[in-house]
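A.B. asks: My structure is below; once you've seen it, I'll send some questions.
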Amino acid sequence: MIHVTINGENRQFDAPILLNSLLSELGIDPRKVALERNLEIVPRSTYGDVLVGDGDRLEIVHFIGGGKDEPDEGLVVAGQRFTSRLIVGTGKYKDFEETRDAIAASGAEIVTVAVRRVNISDPKQPMLMDYVDPKKYTYLPNTAGCYTGEDAVRTLRLAREAGGWNLVKLEVLGDQKTLYPNMVETLRAAEMLIREGFQVMVYCSDDPIMAMELEKMGCCAIMPLAAPIGSGLGVQNPVTLRIIIENAKVPVLVDAGVGTASDAAVAMELGCDGVLMNTAIAQAKDPIRMARAMKLAVEAGRLSYLAGRMPKKLYADPSSPLGGLI
């Protein structure tokens with residue numbers, strides 16, 4: 001009878017035993033471990049030759065890890081499923097070619113479009129549809145520039161007539177300086193639009209109570225601002241955004257205020273279902289490259305949210321477990 005210490009535990013064997021036989025008896029695959037005998041590393045190629053005797057001390061180690069992938073089923077709005085969680089605008093680019101290329105680089109499937117008068121003095125001027133195919137992308141007509149509920153409803157009625165779109169983005173602005181949403185007018189317009197069969201994604205303040213009212217009314221997505229439109233300040237009120245997300249049963253997308261890729265990732269890590277942006281891409285020094293960055297940031301932020309961040313701690317905590325320490 002021999003006594004062998006293996007990873008700090010005492011084990012008994014009937015007689016001296018070859019290393020490969022010992023591993024087999026323990027149910028350990030020799031291809032997946034490293035082994036030390038009496039403080040000396042034993043090459044794997046010699047496991048069949050090394051005899052373990054009484055009093056020997058063995059350390060058997062392997063790599064550890066963890067985690068699992070959780071598939072992202074994509075963004076679902078009003079019963080429509082989209083692979084990308086990034087929605088991009090079509091304004092502020094230098095030309096339609098850049099608009100087209102930036103949208104392609106972003107991977108977005110939904111693009112917001114404003115409704116404006118046709119230039120009747122030169123009707124042959126190129127139009128957005130010539131560059132961004134509505135058969136390839138989902139057009140999301142919006143009410144940018146509207147300051148009353150009536151103007152917003154009128155605009156979206158025209159948009160539906162032009163393209164047959166029922167899925168729309170409602171925004172009713174309060175003033176020209178801040179472009180903050182006028183929530184009184186927004187509520188009125190949303191009620192009118194829903195009554196007429198529109199599926200309303202609504203730009204709103206980051207107020208959890210207003211968000212709940214809009215959802216109760218029947219809006220299909222809540223879109224609180226991260227910061228004022230075009231400001232690029234990023235998420236200013238993560239606490240209220242988180243409350244909106246936790247209470248909502250419809251998608252919550254950050255709309256307005258994103259300036260760079262890290263802002264988009266922060267919004268997604270909070271649990272947002274998506275991010276809508278325009279200026280952050282269109283006014284970047286290189287819009288095409290920024291569009292790619294935003295695509296990756298939204299994907300990374302979503303993965304990070306699904307993974308679940310580690311808890312914040314006041315003091316250090318070693319990365320490697322102390323259990324099994326050599």
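Each chain in the structure tokens gets a letter, A, B, ..., in the order shown, and its residues are numbered from 1; ligands are numbered from 1 in order too.
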Which residues come within 8 Å of range 83-99 of chain A, counting only C-alpha atoms, excluding same-chain residues fewer than 2 positions away, as a PDB file with C-alpha atoms, in the first residue's frame?
C.D. replies:
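Saved as out_6.pdb:
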ATOM      1  CA  GLU A  73     -33.180  37.269 -31.362  1.00  0.00           C
ATOM      2  CA  GLY A  74     -33.070  40.853 -32.592  1.00  0.00           C
ATOM      3  CA  LEU A  75     -35.315  43.873 -32.256  1.00  0.00           C
ATOM      4  CA  ARG A  81     -38.358  41.488 -36.402  1.00  0.00           C
ATOM      5  CA  ASP A 101     -22.752  54.268 -47.935  1.00  0.00           C
ATOM      6  CA  ALA A 102     -23.065  55.181 -44.254  1.00  0.00           C
ATOM      7  CA  ILE A 103     -26.360  53.325 -43.904  1.00  0.00           C
ATOM      8  CA  SER A 106     -24.064  50.726 -40.146  1.00  0.00           C
ATOM      9  CA  GLY A 107     -25.913  47.502 -40.884  1.00  0.00           C
ATOM     10  CA  ALA A 108     -29.172  49.259 -40.006  1.00  0.00           C
ATOM     11  CA  GLU A 109     -32.418  47.919 -41.442  1.00  0.00           C
ATOM     12  CA  ILE A 110     -34.606  50.852 -40.348  1.00  0.00           C
ATOM     13  CA  VAL A 111     -33.923  54.399 -41.513  1.00  0.00           C
ATOM     14  CA  THR A 112     -35.770  57.491 -40.399  1.00  0.00           C
ATOM     15  CA  VAL A 113     -36.989  59.812 -43.133  1.00  0.00           C
ATOM     16  CA  LEU A 128     -33.591  59.763 -51.245  1.00  0.00           C
ATOM     17  CA  TYR A 131     -30.208  55.940 -53.249  1.00  0.00           C
ATOM     18  CA  ASP A 273     -33.511  47.452 -27.044  1.00  0.00           C
ATOM     19  CA  GLY A 274     -31.866  49.694 -29.591  1.00  0.00           C
ATOM     20  CA  VAL A 275     -30.384  53.086 -30.402  1.00  0.00           C
ATOM     21  CA  LEU A 276     -31.447  55.683 -32.953  1.00  0.00           C
ATOM     22  CA  MET A 277     -28.923  58.222 -34.189  1.00  0.00           C
ATOM     23  CA  ASN A 278     -28.188  60.574 -37.043  1.00  0.00           C
ATOM     24  CA  THR A 279     -25.814  63.430 -36.216  1.00  0.00           C
ATOM     25  CA  ALA A 282     -23.425  62.123 -40.367  1.00  0.00           C
ATOM     26  CA  GLN A 283     -21.301  64.818 -38.675  1.00  0.00           C
ATOM     27  CA  PRO A 287     -19.152  59.035 -41.431  1.00  0.00           C
ATOM     28  CA  ILE A 288     -18.597  55.629 -43.044  1.00  0.00           C
ATOM     29  CA  MET A 294     -21.697  52.361 -34.122  1.00  0.00           C
ATOM     30  CA  LYS A 295     -22.738  48.988 -35.522  1.00  0.00           C
ATOM     31  CA  VAL A 298     -24.494  48.444 -30.371  1.00  0.00           C
ATOM     32  CA  GLU A 299     -23.667  44.767 -30.808  1.00  0.00           C
TER      33      GLU A 299
END
A.B. asks: Using only C-alpha atoms, which residues sit within 7 Å of range 15-18 of chain A once same-chain residues fewer than 4 positions away are excluded, as a list in words?
C.D. replies: Met1, Ile2, Leu22, Gly48, Asp49, Val50, Leu51, Val52 and Gly53 of chain A
A.B. asks: Using only C-alpha atoms, please write the residues we just selected to a file, as a compact mmCIF listing (two decimals), in the first residue's frame.
C.D. replies:
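As a result, out15.txt now contains:
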# COMPACT_ATOMS: atom_id res chain seq x y z
CA MET A 1 0.00 0.00 0.00
CA ILE A 2 1.40 3.42 -0.96
CA LEU A 22 -3.08 6.79 -12.23
CA GLY A 48 3.79 6.00 -19.43
CA ASP A 49 7.30 5.69 -17.96
CA VAL A 50 7.13 7.58 -14.66
CA LEU A 51 6.32 5.43 -11.64
CA VAL A 52 4.53 7.05 -8.72
CA GLY A 53 5.71 5.74 -5.36
A.B. asks: Residues within 9 Å of range 189-204 of chain A, please, as number ranges by chain. Count only C-alpha atoms; anything in the same chain fewer than 2 positions from it doesn't count.
C.D. replies: A: 77-78, 148-153, 156-157, 165-172, 180-187, 206-207, 210-211, 214, 217-225, 254-256
A.B. asks: As an mmCIF file with C-alpha atoms, in the first residue's frame, please: every residue in range 60-274 of chain A that DSSP puts in strand (DSSP E).
C.D. replies:
data_model
loop_
_atom_site.group_PDB
_atom_site.id
_atom_site.type_symbol
_atom_site.label_atom_id
_atom_site.label_comp_id
_atom_site.auth_asym_id
_atom_site.auth_seq_id
_atom_site.Cartn_x
_atom_site.Cartn_y
_atom_site.Cartn_z
ATOM 1 C CA ILE A 60 -2.552 18.173 -11.553
ATOM 2 C CA VAL A 61 -3.769 21.446 -13.105
ATOM 3 C CA LEU A 75 -35.315 43.873 -32.256
ATOM 4 C CA VAL A 76 -39.065 43.288 -32.513
ATOM 5 C CA VAL A 77 -41.224 46.372 -33.088
ATOM 6 C CA GLN A 80 -41.724 43.084 -37.144
ATOM 7 C CA ARG A 81 -38.358 41.488 -36.402
ATOM 8 C CA PHE A 82 -35.065 43.172 -37.277
ATOM 9 C CA LEU A 86 -29.351 50.297 -34.699
ATOM 10 C CA ILE A 87 -31.686 52.761 -36.421
ATOM 11 C CA VAL A 88 -30.096 55.588 -38.380
ATOM 12 C CA ILE A 110 -34.606 50.852 -40.348
ATOM 13 C CA VAL A 111 -33.923 54.399 -41.513
ATOM 14 C CA THR A 112 -35.770 57.491 -40.399
ATOM 15 C CA VAL A 113 -36.989 59.812 -43.133
ATOM 16 C CA THR A 138 -37.748 49.894 -43.663
ATOM 17 C CA TYR A 139 -38.542 53.578 -43.954
ATOM 18 C CA LEU A 140 -39.589 55.119 -40.651
ATOM 19 C CA PRO A 141 -41.290 58.453 -41.424
ATOM 20 C CA LEU A 167 -44.950 52.285 -38.570
ATOM 21 C CA VAL A 168 -43.919 55.860 -37.791
ATOM 22 C CA LYS A 169 -41.778 57.886 -35.423
ATOM 23 C CA LEU A 170 -43.566 60.673 -33.600
ATOM 24 C CA GLN A 199 -48.027 52.066 -35.077
ATOM 25 C CA VAL A 200 -46.281 54.787 -33.132
ATOM 26 C CA MET A 201 -42.662 54.798 -32.000
ATOM 27 C CA VAL A 202 -42.472 57.909 -29.857
ATOM 28 C CA TYR A 203 -39.646 60.308 -29.007
ATOM 29 C CA CYS A 204 -40.098 61.457 -25.432
ATOM 30 C CA ALA A 221 -41.921 51.657 -28.791
ATOM 31 C CA ILE A 222 -40.742 54.247 -26.274
ATOM 32 C CA MET A 223 -37.789 56.402 -27.340
ATOM 33 C CA PRO A 224 -36.457 58.587 -24.517
ATOM 34 C CA LEU A 253 -34.708 52.759 -27.679
ATOM 35 C CA VAL A 254 -32.458 55.684 -26.877
ATOM 36 C CA ASP A 255 -33.221 58.463 -29.337
ATOM 37 C CA GLY A 274 -31.866 49.694 -29.591
#
A.B. asks: Counting only C-alpha atoms, which of A:Asp286, A:Asp122, A:Asp130, A:Asp175 gets nearest to Tyr147 in chain A?
C.D. replies: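 Checking each candidate against Tyr147 in chain A, we get A:Asp175 as the closest.
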A.B. asks: Run DSSP on the backbone and give me the residues of range 211-305 of chain A it puts in helix (DSSP H, G or I), as a ChimeraX atom specification.
C.D. replies: /A:211-217,238-247,261-269,279-282,287-305
A.B. asks: Report, in Å with one decimal, the straight-line distance from CA of Thr178 in chain A to CA of Leu233 in chain A.
C.D. replies: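 Between CA of Thr178 in chain A and CA of Leu233 in chain A the gap is 13.0 Å.
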A.B. asks: Mind giving me the straight-line distance from CA of Glu59 in chain A to CA of Glu25 in chain A in Å, one decimal?
C.D. replies: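 Rounded to one decimal, the two atoms are 15.7 Å apart.
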A.B. asks: Restricting the calculation to only C-alpha atoms, which member of A:Ala265, A:Thr143, A:Ile28, A:Arg188 is positioned closest to Val235 in chain A?
C.D. replies: A:Ala265
A.B. asks: What is the distance between CA of Gly259 in chain A and CA of Ser231 in chain A, in Å to one decimal?
C.D. replies: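 Computing the Euclidean distance for CA of Gly259 in chain A and CA of Ser231 in chain A yields 7.3 Å.
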A.B. asks: Which is closest to Val252 in chain A among A:Met127, A:Leu314, A:Cys272, A:Ala267, if we use only C-alpha atoms?
C.D. replies: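 Nearest candidate to Val252 in chain A out of A:Met127, A:Leu314, A:Cys272, A:Ala267: A:Cys272.
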A.B. asks: Given only C-alpha atoms as the basis, pick out the residue of A:Gly27, A:Gly257, A:Gly55, A:Gly164 nearest to Thr5 in chain A.
C.D. replies: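 Closest candidate: A:Gly55.
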A.B. asks: Go through A:Gly271, A:Leu23, A:Pro251, A:Ser262 one by one, measure the shortest atom-to-atom distance of each to Pro238 in chain A using only C-alpha atoms, and give the residue with the smallest value.
C.D. replies: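 Closest candidate: A:Gly271.
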